[in-house]
>>> print(open('protein-v5.cif').read())   # mmCIF, C-alpha atoms and all ligand atoms
data_upload
loop_
_atom_site.label_atom_id
_atom_site.label_comp_id
_atom_site.auth_asym_id
_atom_site.auth_seq_id
_atom_site.Cartn_x
_atom_site.Cartn_y
_atom_site.Cartn_z
CA MET O 1 -65.22 10.58 14.48
CA ILE O 2 -62.73 8.29 12.74
CA ARG O 3 -60.83 9.79 9.83
CA GLU O 4 -57.55 9.53 7.97
CA PHE O 5 -54.52 11.16 9.50
CA GLY O 6 -53.24 14.42 8.02
CA TRP O 7 -49.77 15.83 8.66
CA ASP O 8 -51.20 18.63 10.81
CA ASP O 9 -52.12 15.83 13.22
CA TYR O 10 -48.53 14.69 13.74
CA PRO O 11 -47.77 16.66 16.95
CA ALA O 12 -51.04 15.47 18.54
CA VAL O 13 -50.40 11.87 17.49
CA ARG O 14 -46.83 11.97 18.78
CA ASP O 15 -48.08 13.34 22.13
CA LEU O 16 -50.79 10.67 22.27
CA TRP O 17 -48.23 7.92 21.72
CA HIS O 18 -46.09 9.42 24.48
CA VAL O 19 -48.95 9.74 26.98
CA THR O 20 -49.99 6.12 26.38
CA ALA O 21 -46.40 4.85 26.61
CA ARG O 22 -46.28 3.85 22.94
CA SER O 23 -43.02 4.70 21.25
CA ALA O 24 -43.66 7.53 18.79
CA LEU O 25 -42.54 6.97 15.22
CA PRO O 26 -40.27 9.82 14.14
CA GLU O 27 -41.90 11.95 11.46
CA ASP O 28 -39.58 10.79 8.65
CA GLU O 29 -40.19 7.14 9.48
CA LEU O 30 -43.92 7.71 9.65
CA ARG O 31 -43.85 9.53 6.31
CA ALA O 32 -42.09 6.59 4.66
CA THR O 33 -44.63 4.17 6.14
CA VAL O 34 -47.63 6.25 5.09
CA ASP O 35 -46.22 6.86 1.60
CA HIS O 36 -45.83 3.10 1.21
CA GLY O 37 -49.40 2.38 2.37
CA PRO O 38 -51.65 5.43 2.19
CA GLY O 39 -54.99 5.46 3.98
CA LEU O 40 -53.95 3.14 6.79
CA LEU O 41 -53.11 5.70 9.47
CA LEU O 42 -56.34 6.63 11.21
CA VAL O 43 -57.22 8.99 14.02
CA ALA O 44 -60.24 9.46 16.25
CA GLU O 45 -61.18 12.98 17.18
CA ASP O 46 -63.52 14.38 19.80
CA ARG O 47 -66.22 17.04 19.36
CA ASN O 48 -63.57 19.76 19.57
CA ALA O 49 -61.54 18.13 16.78
CA ALA O 50 -58.83 17.07 19.25
CA VAL O 51 -57.06 13.83 18.34
CA ILE O 52 -57.81 11.25 21.05
CA GLY O 53 -57.06 7.99 19.28
CA VAL O 54 -54.71 6.63 16.65
CA VAL O 55 -53.91 3.39 14.87
CA LEU O 56 -51.40 2.62 12.14
CA GLY O 57 -51.87 -0.17 9.61
CA THR O 58 -49.53 -1.62 7.02
CA PHE O 59 -50.05 -4.17 4.27
CA ASP O 60 -47.05 -6.06 2.95
CA GLY O 61 -48.96 -7.63 0.06
CA ARG O 62 -49.63 -10.77 2.07
CA ARG O 63 -50.54 -9.78 5.61
CA GLY O 64 -52.07 -6.78 7.24
CA TRP O 65 -50.38 -5.46 10.35
CA ILE O 66 -51.69 -3.22 13.13
CA HIS O 67 -49.28 -0.97 15.01
CA ARG O 68 -49.34 1.55 17.82
CA LEU O 69 -52.99 1.61 18.72
CA ALA O 70 -53.53 4.25 21.39
CA VAL O 71 -56.54 5.95 22.94
CA HIS O 72 -56.14 8.90 25.28
CA PRO O 73 -56.48 7.79 28.93
CA GLY O 74 -59.18 10.45 29.37
CA HIS O 75 -61.55 8.46 27.13
CA PRO O 76 -61.38 4.84 28.31
CA GLY O 77 -63.98 2.25 27.44
CA ASN O 78 -65.92 4.40 24.96
CA GLY O 79 -65.34 2.01 22.08
CA LEU O 80 -62.83 4.28 20.35
CA ALA O 81 -60.14 1.62 19.99
CA THR O 82 -62.70 -0.87 18.73
CA ALA O 83 -63.95 1.65 16.15
CA LEU O 84 -60.41 2.49 14.98
CA VAL O 85 -59.54 -1.19 14.60
CA SER O 86 -62.79 -1.96 12.86
CA GLU O 87 -62.23 0.76 10.23
CA LEU O 88 -58.61 -0.31 9.78
CA GLU O 89 -59.68 -3.94 9.34
CA ARG O 90 -62.15 -2.86 6.68
CA ARG O 91 -59.41 -1.03 4.80
CA LEU O 92 -56.94 -3.91 5.07
CA ILE O 93 -59.54 -6.42 3.87
CA GLU O 94 -60.35 -4.08 0.97
CA ARG O 95 -56.66 -4.21 0.00
CA GLY O 96 -56.73 -8.01 -0.02
CA ALA O 97 -55.30 -8.94 3.37
CA PRO O 98 -56.56 -12.41 4.36
CA ARG O 99 -55.06 -12.18 7.86
CA ILE O 100 -54.08 -9.36 10.19
CA ASN O 101 -51.22 -9.61 12.66
CA LEU O 102 -50.00 -7.49 15.54
CA LEU O 103 -47.48 -7.61 18.34
CA VAL O 104 -48.24 -7.02 22.02
CA MET O 105 -45.48 -6.33 24.53
CA PRO O 106 -45.25 -9.18 27.05
CA ASP O 107 -45.97 -6.85 30.00
CA ASN O 108 -49.14 -5.41 28.44
CA ALA O 109 -51.77 -7.73 29.91
CA ALA O 110 -54.56 -5.17 29.44
CA GLY O 111 -53.61 -4.72 25.80
CA LEU O 112 -53.66 -8.47 25.24
CA THR O 113 -57.10 -8.72 26.88
CA PHE O 114 -58.35 -5.97 24.58
CA TRP O 115 -57.04 -7.74 21.47
CA GLN O 116 -58.39 -11.12 22.49
CA ARG O 117 -61.87 -9.59 22.83
CA LEU O 118 -61.56 -8.58 19.18
CA GLY O 119 -60.50 -12.07 18.10
CA TYR O 120 -56.71 -11.54 17.93
CA LEU O 121 -55.30 -14.65 19.57
CA PRO O 122 -51.69 -15.38 20.55
CA CYS O 123 -49.75 -17.60 18.10
CA PRO O 124 -46.86 -19.91 18.97
CA ASP O 125 -44.54 -18.18 16.46
CA VAL O 126 -41.45 -16.59 17.98
CA LEU O 127 -40.45 -13.17 16.69
CA CYS O 128 -36.83 -13.14 15.50
CA SER O 129 -35.12 -9.86 14.71
CA LYS O 130 -31.70 -8.72 13.49
CA PRO O 131 -30.39 -5.17 13.20
CA VAL O 132 -28.86 -4.73 9.74
CA CYS O 133 -27.45 -1.20 9.92
C1 LIG N 1 -56.04 -0.67 25.11
C2 LIG N 1 -56.71 0.60 24.60
C3 LIG N 1 -56.33 0.81 23.14
C4 LIG N 1 -58.23 0.43 24.72
O1 LIG N 1 -58.88 1.60 24.21
P1 LIG N 1 -60.44 1.85 24.49
O2 LIG N 1 -60.94 2.88 23.52
O3 LIG N 1 -60.64 2.13 25.94
O4 LIG N 1 -61.07 0.42 24.13
P2 LIG N 1 -62.60 0.09 23.81
O5 LIG N 1 -63.48 1.08 24.52
O6 LIG N 1 -62.78 -0.04 22.34
O7 LIG N 1 -62.72 -1.31 24.54
C5 LIG N 1 -63.03 -2.53 23.87
C6 LIG N 1 -63.12 -3.65 24.88
O8 LIG N 1 -61.85 -3.89 25.51
C7 LIG N 1 -61.98 -3.73 26.92
N1 LIG N 1 -60.81 -3.05 27.44
C8 LIG N 1 -60.34 -1.86 27.03
N2 LIG N 1 -59.28 -1.51 27.77
C9 LIG N 1 -59.09 -2.51 28.65
C10 LIG N 1 -58.18 -2.73 29.71
N3 LIG N 1 -57.23 -1.81 30.00
N4 LIG N 1 -58.26 -3.88 30.43
C11 LIG N 1 -59.22 -4.79 30.15
N5 LIG N 1 -60.14 -4.63 29.16
C12 LIG N 1 -60.07 -3.50 28.43
C13 LIG N 1 -63.20 -2.87 27.11
O9 LIG N 1 -63.78 -3.09 28.40
C14 LIG N 1 -64.10 -3.32 26.00
O10 LIG N 1 -64.78 -4.51 26.34
P3 LIG N 1 -66.39 -4.59 26.26
O11 LIG N 1 -66.72 -4.33 24.81
O12 LIG N 1 -66.69 -5.98 26.69
O13 LIG N 1 -66.88 -3.51 27.17
C15 LIG N 1 -56.30 1.86 25.42
O14 LIG N 1 -56.54 1.61 26.80
C16 LIG N 1 -54.83 2.25 25.24
O15 LIG N 1 -54.51 3.09 24.40
N6 LIG N 1 -53.94 1.67 26.07
C17 LIG N 1 -52.49 2.00 26.01
C18 LIG N 1 -51.86 1.55 24.74
C19 LIG N 1 -52.11 0.07 24.42
O16 LIG N 1 -52.06 -0.78 25.28
N7 LIG N 1 -52.41 -0.19 23.11
C20 LIG N 1 -52.88 -1.45 22.60
C21 LIG N 1 -52.08 -2.64 22.93
S1 LIG N 1 -50.76 -2.95 21.81
#
>>> encode(input="protein-v5.cif", output="structure tokens")
Amino acid sequence: MIREFGWDDYPAVRDLWHVTARSALPEDELRATVDHGPGLLLVAEDRNAAVIGVVLGTFDGRRGWIHRLAVHPGHPGNGLATALVSELERRLIERGAPRINLLVMPDNAAGLTFWQRLGYLPCPDVLCSKPVC
């Protein structure tokens, strides 16, 4: 089942990010992100209501973004990631996003393959970043 995240889910989501080698957003950072864009943090749960998948979306008013997709390694290839992304896409489109972006780490070939299957293709843009505090 795909549903919206609730704060009781945070420990399970944090553990899921750790077990899938995603960096876990600290709770205060996640709260700020969710407060800014409610309804875009989704989880998948199994029959026992355990959280086994997560995806975070943001909408900056112009573009939708997908962050930190993770599915528990005990449930590979069951379509959970596809279902999470599909529901998040629906919500981002509903908010007016004409395009959805995401970043893939250069060493994550499997992740890139997954995204390409869903139509997310590499762009020539180069990410530039500057720490400001
Ligand atoms: C990548 C990940 C999200 C896939 O989750 P999943 O629930 O197993 O994915 P799905 O079952 O929805 O798979 C969708 C398609 O991608 C393919 N796929 C999934 N994982 C794959 C992998 N590791 N290598 C190659 N293809 C893969 C599936 O075979 C499937 O293709 P099909 O429809 O032709 O059968 C999951 O393995 C994961 O959490 N990995 C670690 C974190 C990560 O890499 N996150 C995303 C990248 S930023």
>>> axis_aligned_box(input="protein-v5.cif", around="ligand LIG 1 (chain N)", padding_each_side="5 Å", output="AutoDock Vina command-line options")
--center_x -58.8 --center_y -1.4 --center_z 26.1 --size_x 26.1 --size_y 19.1 --size_z 18.6
>>> residues_around(input="protein-v5.cif", residues="Met1 in chain O", least_positions_apart="4", cutoff="10 Å", atoms="all atoms listed in the file", output="number ranges by chain")
O: 43-47, 49, 51-53, 80, 83-84
>>> residues_near_ligand(input="protein-v5.cif", ligand="ligand LIG 1 (chain N)", cutoff="8 Å", atoms="all atoms listed in the file", output="PyMOL selection string")
chain O and resi 17+20-22+53+67-73+75-83+102-105+108-115+117-118
>>> residues_around(input="protein-v5.cif", residues="Ile100 in chain O", least_positions_apart="2", cutoff="6 Å", atoms="only C-alpha atoms", output="list in words")
Arg63, Gly64 and Trp65 of chain O
>>> write_last_selection(input="protein-v5.cif", atoms="C-alpha atoms", output="CSV table (one decimal), in the coordinates of the input")
chain,number,residue,atom,x,y,z
O,63,ARG,CA,-50.5,-9.8,5.6
O,64,GLY,CA,-52.1,-6.8,7.2
O,65,TRP,CA,-50.4,-5.5,10.4
>>> atom_distance(input="protein-v5.cif", atom1="CA of Gly61 in chain O", atom2="CA of Pro38 in chain O")
13.5 Å
>>> closest_residue(input="protein-v5.cif", among="O:Arg31, O:Leu25, O:Gly39, O:Leu121", to="Phe5 in chain O", atoms="only C-alpha atoms")
O:Gly39
>>> atom_distance(input="protein-v5.cif", atom1="CA of Cys133 in chain O", atom2="CA of Trp7 in chain O")
28.1 Å
>>> closest_residue(input="protein-v5.cif", among="O:Leu56, O:Arg14, O:Cys128, O:Ile2", to="Pro26 in chain O", atoms="all atoms listed in the file")
O:Arg14
>>> atom_distance(input="protein-v5.cif", atom1="CA of Val85 in chain O", atom2="CA of Arg3 in chain O")
12.0 Å
>>> decode(input="protein-v5.cif", residues="range 13-120 of chain O", atoms="C-alpha atoms", output="PDB file, in the first residue's frame")
ATOM      1  CA  VAL O  13      12.141   5.697   7.108  1.00  0.00           C
ATOM      2  CA  ARG O  14      15.493   6.714   8.577  1.00  0.00           C
ATOM      3  CA  ASP O  15      16.438   3.031   8.978  1.00  0.00           C
ATOM      4  CA  LEU O  16      15.312   2.300   5.421  1.00  0.00           C
ATOM      5  CA  TRP O  17      17.483   5.098   4.060  1.00  0.00           C
ATOM      6  CA  HIS O  18      20.414   3.727   6.052  1.00  0.00           C
ATOM      7  CA  VAL O  19      19.939   0.124   4.914  1.00  0.00           C
ATOM      8  CA  THR O  20      19.760   1.222   1.260  1.00  0.00           C
ATOM      9  CA  ALA O  21      22.790   3.512   1.605  1.00  0.00           C
ATOM     10  CA  ARG O  22      20.732   6.671   1.088  1.00  0.00           C
ATOM     11  CA  SER O  23      21.715   9.497   3.384  1.00  0.00           C
ATOM     12  CA  ALA O  24      18.911  10.020   5.903  1.00  0.00           C
ATOM     13  CA  LEU O  25      17.515  13.520   6.191  1.00  0.00           C
ATOM     14  CA  PRO O  26      17.670  14.650   9.822  1.00  0.00           C
ATOM     15  CA  GLU O  27      14.200  15.010  11.314  1.00  0.00           C
ATOM     16  CA  ASP O  28      14.311  18.828  11.502  1.00  0.00           C
ATOM     17  CA  GLU O  29      15.388  19.100   7.872  1.00  0.00           C
ATOM     18  CA  LEU O  30      12.698  16.668   6.799  1.00  0.00           C
ATOM     19  CA  ARG O  31      10.083  18.594   8.785  1.00  0.00           C
ATOM     20  CA  ALA O  32      11.022  21.830   7.028  1.00  0.00           C
ATOM     21  CA  THR O  33      10.828  20.106   3.636  1.00  0.00           C
ATOM     22  CA  VAL O  34       7.464  18.480   4.351  1.00  0.00           C
ATOM     23  CA  ASP O  35       6.023  21.696   5.816  1.00  0.00           C
ATOM     24  CA  HIS O  36       7.028  23.493   2.621  1.00  0.00           C
ATOM     25  CA  GLY O  37       5.448  20.846   0.370  1.00  0.00           C
ATOM     26  CA  PRO O  38       2.933  18.669   2.194  1.00  0.00           C
ATOM     27  CA  GLY O  39       1.723  15.417   0.651  1.00  0.00           C
ATOM     28  CA  LEU O  40       4.913  14.684  -1.267  1.00  0.00           C
ATOM     29  CA  LEU O  41       6.593  12.283   1.145  1.00  0.00           C
ATOM     30  CA  LEU O  42       5.199   8.825   0.471  1.00  0.00           C
ATOM     31  CA  VAL O  43       5.797   5.418   1.963  1.00  0.00           C
ATOM     32  CA  ALA O  44       4.987   1.871   0.910  1.00  0.00           C
ATOM     33  CA  GLU O  45       4.003  -0.556   3.611  1.00  0.00           C
ATOM     34  CA  ASP O  46       3.693  -4.331   3.651  1.00  0.00           C
ATOM     35  CA  ARG O  47       0.789  -6.432   4.962  1.00  0.00           C
ATOM     36  CA  ASN O  48       2.089  -6.013   8.509  1.00  0.00           C
ATOM     37  CA  ALA O  49       2.142  -2.215   8.143  1.00  0.00           C
ATOM     38  CA  ALA O  50       5.958  -2.173   8.101  1.00  0.00           C
ATOM     39  CA  VAL O  51       7.463   0.618   6.002  1.00  0.00           C
ATOM     40  CA  ILE O  52       9.383  -0.964   3.107  1.00  0.00           C
ATOM     41  CA  GLY O  53       9.613   1.900   0.637  1.00  0.00           C
ATOM     42  CA  VAL O  54       9.914   5.666   0.644  1.00  0.00           C
ATOM     43  CA  VAL O  55      10.167   8.563  -1.781  1.00  0.00           C
ATOM     44  CA  LEU O  56      10.358  12.298  -1.164  1.00  0.00           C
ATOM     45  CA  GLY O  57       9.099  14.875  -3.646  1.00  0.00           C
ATOM     46  CA  THR O  58       9.450  18.642  -3.735  1.00  0.00           C
ATOM     47  CA  PHE O  59       7.946  21.279  -5.991  1.00  0.00           C
ATOM     48  CA  ASP O  60       9.707  24.613  -6.319  1.00  0.00           C
ATOM     49  CA  GLY O  61       6.874  26.237  -8.271  1.00  0.00           C
ATOM     50  CA  ARG O  62       8.534  25.418 -11.577  1.00  0.00           C
ATOM     51  CA  ARG O  63       9.950  21.910 -11.395  1.00  0.00           C
ATOM     52  CA  GLY O  64       9.139  18.798  -9.480  1.00  0.00           C
ATOM     53  CA  TRP O  65      12.030  16.967  -7.862  1.00  0.00           C
ATOM     54  CA  ILE O  66      12.333  13.385  -6.648  1.00  0.00           C
ATOM     55  CA  HIS O  67      14.687  12.567  -3.783  1.00  0.00           C
ATOM     56  CA  ARG O  68      15.820   9.567  -1.791  1.00  0.00           C
ATOM     57  CA  LEU O  69      13.797   6.804  -3.360  1.00  0.00           C
ATOM     58  CA  ALA O  70      14.472   3.595  -1.453  1.00  0.00           C
ATOM     59  CA  VAL O  71      12.904   0.147  -1.321  1.00  0.00           C
ATOM     60  CA  HIS O  72      13.951  -2.387   1.289  1.00  0.00           C
ATOM     61  CA  PRO O  73      16.392  -4.944  -0.194  1.00  0.00           C
ATOM     62  CA  GLY O  74      14.066  -7.712   1.037  1.00  0.00           C
ATOM     63  CA  HIS O  75      11.439  -6.686  -1.552  1.00  0.00           C
ATOM     64  CA  PRO O  76      13.282  -6.245  -4.855  1.00  0.00           C
ATOM     65  CA  GLY O  77      11.544  -6.185  -8.206  1.00  0.00           C
ATOM     66  CA  ASN O  78       7.990  -6.155  -6.849  1.00  0.00           C
ATOM     67  CA  GLY O  79       7.140  -2.848  -8.497  1.00  0.00           C
ATOM     68  CA  LEU O  80       7.191  -0.899  -5.229  1.00  0.00           C
ATOM     69  CA  ALA O  81       9.560   1.798  -6.468  1.00  0.00           C
ATOM     70  CA  THR O  82       7.569   2.139  -9.672  1.00  0.00           C
ATOM     71  CA  ALA O  83       4.337   2.503  -7.683  1.00  0.00           C
ATOM     72  CA  LEU O  84       5.861   5.106  -5.336  1.00  0.00           C
ATOM     73  CA  VAL O  85       7.201   7.136  -8.253  1.00  0.00           C
ATOM     74  CA  SER O  86       3.952   6.861 -10.149  1.00  0.00           C
ATOM     75  CA  GLU O  87       1.917   8.225  -7.217  1.00  0.00           C
ATOM     76  CA  LEU O  88       4.470  10.980  -6.615  1.00  0.00           C
ATOM     77  CA  GLU O  89       4.382  11.943 -10.304  1.00  0.00           C
ATOM     78  CA  ARG O  90       0.601  12.167 -10.115  1.00  0.00           C
ATOM     79  CA  ARG O  91       0.833  14.506  -7.144  1.00  0.00           C
ATOM     80  CA  LEU O  92       3.515  16.689  -8.731  1.00  0.00           C
ATOM     81  CA  ILE O  93       1.551  16.970 -11.975  1.00  0.00           C
ATOM     82  CA  GLU O  94      -1.542  17.889  -9.935  1.00  0.00           C
ATOM     83  CA  ARG O  95       0.481  20.752  -8.408  1.00  0.00           C
ATOM     84  CA  GLY O  96       1.410  22.022 -11.870  1.00  0.00           C
ATOM     85  CA  ALA O  97       4.891  20.609 -12.426  1.00  0.00           C
ATOM     86  CA  PRO O  98       5.546  20.335 -16.180  1.00  0.00           C
ATOM     87  CA  ARG O  99       8.846  18.473 -15.664  1.00  0.00           C
ATOM     88  CA  ILE O 100      10.323  16.324 -12.923  1.00  0.00           C
ATOM     89  CA  ASN O 101      14.041  16.176 -12.179  1.00  0.00           C
ATOM     90  CA  LEU O 102      16.225  13.985 -10.019  1.00  0.00           C
ATOM     91  CA  LEU O 103      19.879  13.350  -9.328  1.00  0.00           C
ATOM     92  CA  VAL O 104      21.598   9.962  -9.461  1.00  0.00           C
ATOM     93  CA  MET O 105      25.011   9.404  -7.913  1.00  0.00           C
ATOM     94  CA  PRO O 106      27.576   8.611 -10.622  1.00  0.00           C
ATOM     95  CA  ASP O 107      28.386   5.198  -9.098  1.00  0.00           C
ATOM     96  CA  ASN O 108      24.738   4.086  -8.982  1.00  0.00           C
ATOM     97  CA  ALA O 109      24.444   2.286 -12.321  1.00  0.00           C
ATOM     98  CA  ALA O 110      21.483   0.177 -11.133  1.00  0.00           C
ATOM     99  CA  GLY O 111      19.659   3.299  -9.988  1.00  0.00           C
ATOM    100  CA  LEU O 112      20.238   4.967 -13.346  1.00  0.00           C
ATOM    101  CA  THR O 113      18.937   1.876 -15.166  1.00  0.00           C
ATOM    102  CA  PHE O 114      15.824   1.957 -12.991  1.00  0.00           C
ATOM    103  CA  TRP O 115      15.185   5.630 -13.750  1.00  0.00           C
ATOM    104  CA  GLN O 116      15.780   5.252 -17.463  1.00  0.00           C
ATOM    105  CA  ARG O 117      13.133   2.508 -17.576  1.00  0.00           C
ATOM    106  CA  LEU O 118      10.698   5.072 -16.196  1.00  0.00           C
ATOM    107  CA  GLY O 119      11.667   7.677 -18.806  1.00  0.00           C
ATOM    108  CA  TYR O 120      14.094   9.769 -16.721  1.00  0.00           C
TER     109      TYR O 120
END
